[in-house]
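Notes follow the structure.
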Amino acid sequence: MKTDFNGVIVIGLFVIIVSLLAVIAVAEDYSALNDEQFVNALQQDPATVFATDPARAWEALENNPFLLTNPSILEEAFALPNREQAMAFLDGHTDLLSDPNVIIEFEAAVQDDIALLNQNQQAAKTWLERKYHIQMENGATFSRYNVISLTTQGESATTFLINDFPGAIIHQDGSITYQQNTFKGADLLAVNRDNGYVQILGGEARITSTAHLEAANSVVYVGERGRLTSYRGSFILSHENGVVRASSREGQERFIYNSNMQVRGTIIHPPNTLPGEFIIEGSAVLNRVKPTGERNGQLEFSQPQNTLRIESTSQVYFSQQGERGEATFCRTGFTCIIDASATLDVQQRTRFAIIGMTNNDRITLTTPAYYEHVEVINAHSGQATINSVSPTNIPLGSITVGPRDDIRAHGNSLEHINFGRIDVVYPENPSCTGESCRQTLHHWSSATQQNVAGYFLAARREDLGRDAPNAMVRCTLGVDCEERIARNFGKVIGPPGRIPATTIIIGGDTSAVARSLEPWCQSNGCYIINSRDALPTTTSTNLVVTGHHFGDHDYVWRESVNRQGQAHMPVDFLYVGAVADGSGSPFDHLPIGENVESITFSSCNSAKENEFTLLDAARQTYPELKQLQGWSGTAPPGDAIQQPRISIENVQNHQAGTISGRTWYFRDGERWLWTRNGKTCTIVTGGSGNIECPGSTTLAQR
């Protein structure tokens, strides 16, 4: 038994020794094998060859790259620790990425270690182009791949379903261009297989070509610089043939348009229109908002400031364009809404106007904002309700306007409404067309929100026996509005039976000029009105205007009573002249009349030797204008004017009794002269240089 046991031991040791010698012999034999023999060995036992002589194994593959398509060699080449070199090998032999088995190993490696994809750019490019038909810029890198989706790296890193975007381009910053539209920073980008819409979650898109999107918590920019519109939130958007159509999604009630308007409903932005101009399709709710800051790279917005509700079975045109609320975007046959501002303050707006209300549309505005102008012009059908509320949503008053001279005030008396003025215009004869048709005006203006309230309140008590009219004044434009509005909201001074030929408009913060002219008015006749009561036209010969003014502006204004600190807070802009094409408000400019020959400004920088903004605007507006009086510098708050018009001979005497700085423009034929003393005149239009001032007789003859 012992001998047998020892024999077994001896035999076992012999087998082990023989096996080790065989391995050593094989190892030694690899170095002795010629290339053909080595390749045969590699094909027969790749695991042993890679383990024994990896350098020569890779050399053999370099000489015959298609050996990698051998399943056994492929498996071993991508096993650790060979995987990194296998990826580098493919980077130099990208044609192998047409083999499906190679692609499987390649993708498995990329899933385990995305750095392998970033380190081998040529392989990455070839893989994306051949399998997914996606192009990649040099330097583009990735952070994750899981067969279904790929996540790019960079400041615009985006995750997208890789099979959904054939033809896409991956950029170095991580953004993706698909069908000429660029997507950045999306948490997920996919294509809805049912309708073909691109689904974007988070991030942003820049749309310059045809696109159909379903966005969730995203920002989408459409158009080119200068005509760029933005949409934020969750919505459905299409862009085709230059038309943008955006609709709020179910369960996601609102999206934000152009960072200032929250929308529930559908809006359409036609081609070749400006940001802020769009069509509301059907019923919708719009809320005005403003950016309040940024968190985690995303804009945050204020609570809604205005609520505008539209009930319509048609389309309603809407525009925020133009400081003066130009209506060039409006179209005949559709209700048009203007909501514009000359300032960025959400609580201070320039104009809210409903023009040509039709199609039985119902428009409701509820707002705590101060609007300088609220207008309803030519209501054919439907109903407009405008509610003024406090910042805490307490009703201050409202008006409701319908067709055919239908207007009603509700709630508290109109004097509490937070608007500068309300104007409702109807055609006297609805069937009449053309400029000659008479129009009925319903007008009201506020005595509050201004520093000259006391002057006009006193006038109302004196003339009417009450503080403020609680109803609108009805009149016919161009017939009796000047007299009726001045008598109800301002003053009419002069001899009984004489129609005043001078209109004094207080557009600033003091009534000093009006008070100084009252004695002259007693003999000659004047309308004294607030700038909030200015009408489109006048029969007057002389205009006197007060208000703040900067040298290069064609308007005057008053300071808001809500001003805080030293910075100006202008309100109640009053322009010299209407918008050139007639698309602006009929009530935001000095009254226009063919009889106007003289304009006197009590305003800073209103008659300078080298700045002619007001003069140029007045010359274009008033063809019979003969003189314009103002100030070359600062106009004093207590400015006093004895008479609205003065001859050039009396300028010197006039100057001697007033504060230095008052200056004049006089018309001399086709040219205009400027003077501060009535002796030396500077030619400011139609020539240049200084001359001796001509006399009044000479000026009249020219």
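Here's how to read the names in the structure tokens: chain A, B, ... by the order shown, residue numbers from 1 in each chain, ligand numbers from 1 in the order shown.
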
Shell around region 389-398 of chain A at 12 Å using only C-alpha atoms, local window under 4 positions removed, as a PyMOL selection string:
chain A and resi 303-307+347+364-370+374+384-385+407-419+422+470-471

Ile280 (chain A) surroundings by only C-alpha atoms, 6 Å radius, close-in-sequence under 3 positions cut, as a ChimeraX atom specification:
/A:267,315-316

Taking only C-alpha atoms into account, which of A:Ile493, A:Leu615, A:Ile256, A:Ala215 comes nearest Ser238 (chain A)?
A:Ala215

Correct to one decimal, the distance CA of Val191 (chain A)-CA of Ser156 (chain A) is 19.4 Å

What's the 12 Å shell around Ala55 (chain A), counting only C-alpha atoms, without same-chain residues fewer than 4 positions away, as a list in words?
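Using only C-alpha atoms, the neighbours found are Tyr30, Ser31, Val49, Phe50, Ala51, Glu59, Ala60, Leu61, Glu62, Ala77, Asn82 and Gln85 of chain A.
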
Distance query Gln135 (chain A) at most 12 Å, only C-alpha atoms, self and fewer than 5 positions along chain excluded, as a list in words
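Surrounding residues, per the criterion: Gln121, Gln122, Ala124, Lys125, Thr126, Trp127, Leu128, Glu129, Arg130, Ala140, Ile162, Phe165, Pro166, Gly167, Ala168, Ile169, Ile170, His171, Gln172, Ile176, Thr177 and Tyr178 of chain A.
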
Kindly save the residues from that selection, with C-alpha atoms included, as a PDB file, in the first residue's frame.
ATOM      1  CA  GLN A 121     -12.560  61.269 -31.211  1.00  0.00           C
ATOM      2  CA  GLN A 122     -12.296  59.613 -34.620  1.00  0.00           C
ATOM      3  CA  ALA A 124     -16.646  58.517 -31.676  1.00  0.00           C
ATOM      4  CA  LYS A 125     -17.315  60.441 -34.887  1.00  0.00           C
ATOM      5  CA  THR A 126     -17.457  57.307 -37.019  1.00  0.00           C
ATOM      6  CA  TRP A 127     -19.733  55.478 -34.583  1.00  0.00           C
ATOM      7  CA  LEU A 128     -22.177  58.395 -34.408  1.00  0.00           C
ATOM      8  CA  GLU A 129     -22.210  58.965 -38.156  1.00  0.00           C
ATOM      9  CA  ARG A 130     -22.518  55.310 -39.228  1.00  0.00           C
ATOM     10  CA  ALA A 140     -17.144  67.524 -28.430  1.00  0.00           C
ATOM     11  CA  ILE A 162     -29.825  59.032 -29.633  1.00  0.00           C
ATOM     12  CA  PHE A 165     -32.139  62.753 -34.169  1.00  0.00           C
ATOM     13  CA  PRO A 166     -30.645  61.573 -37.464  1.00  0.00           C
ATOM     14  CA  GLY A 167     -28.907  64.468 -39.187  1.00  0.00           C
ATOM     15  CA  ALA A 168     -28.134  66.265 -35.912  1.00  0.00           C
ATOM     16  CA  ILE A 169     -24.814  67.976 -35.163  1.00  0.00           C
ATOM     17  CA  ILE A 170     -23.200  67.808 -31.729  1.00  0.00           C
ATOM     18  CA  HIS A 171     -21.193  70.949 -30.960  1.00  0.00           C
ATOM     19  CA  GLN A 172     -18.137  71.394 -28.787  1.00  0.00           C
ATOM     20  CA  ILE A 176     -27.138  70.086 -30.573  1.00  0.00           C
ATOM     21  CA  THR A 177     -28.341  71.421 -33.903  1.00  0.00           C
ATOM     22  CA  TYR A 178     -31.225  69.499 -35.427  1.00  0.00           C
TER      23      TYR A 178
END
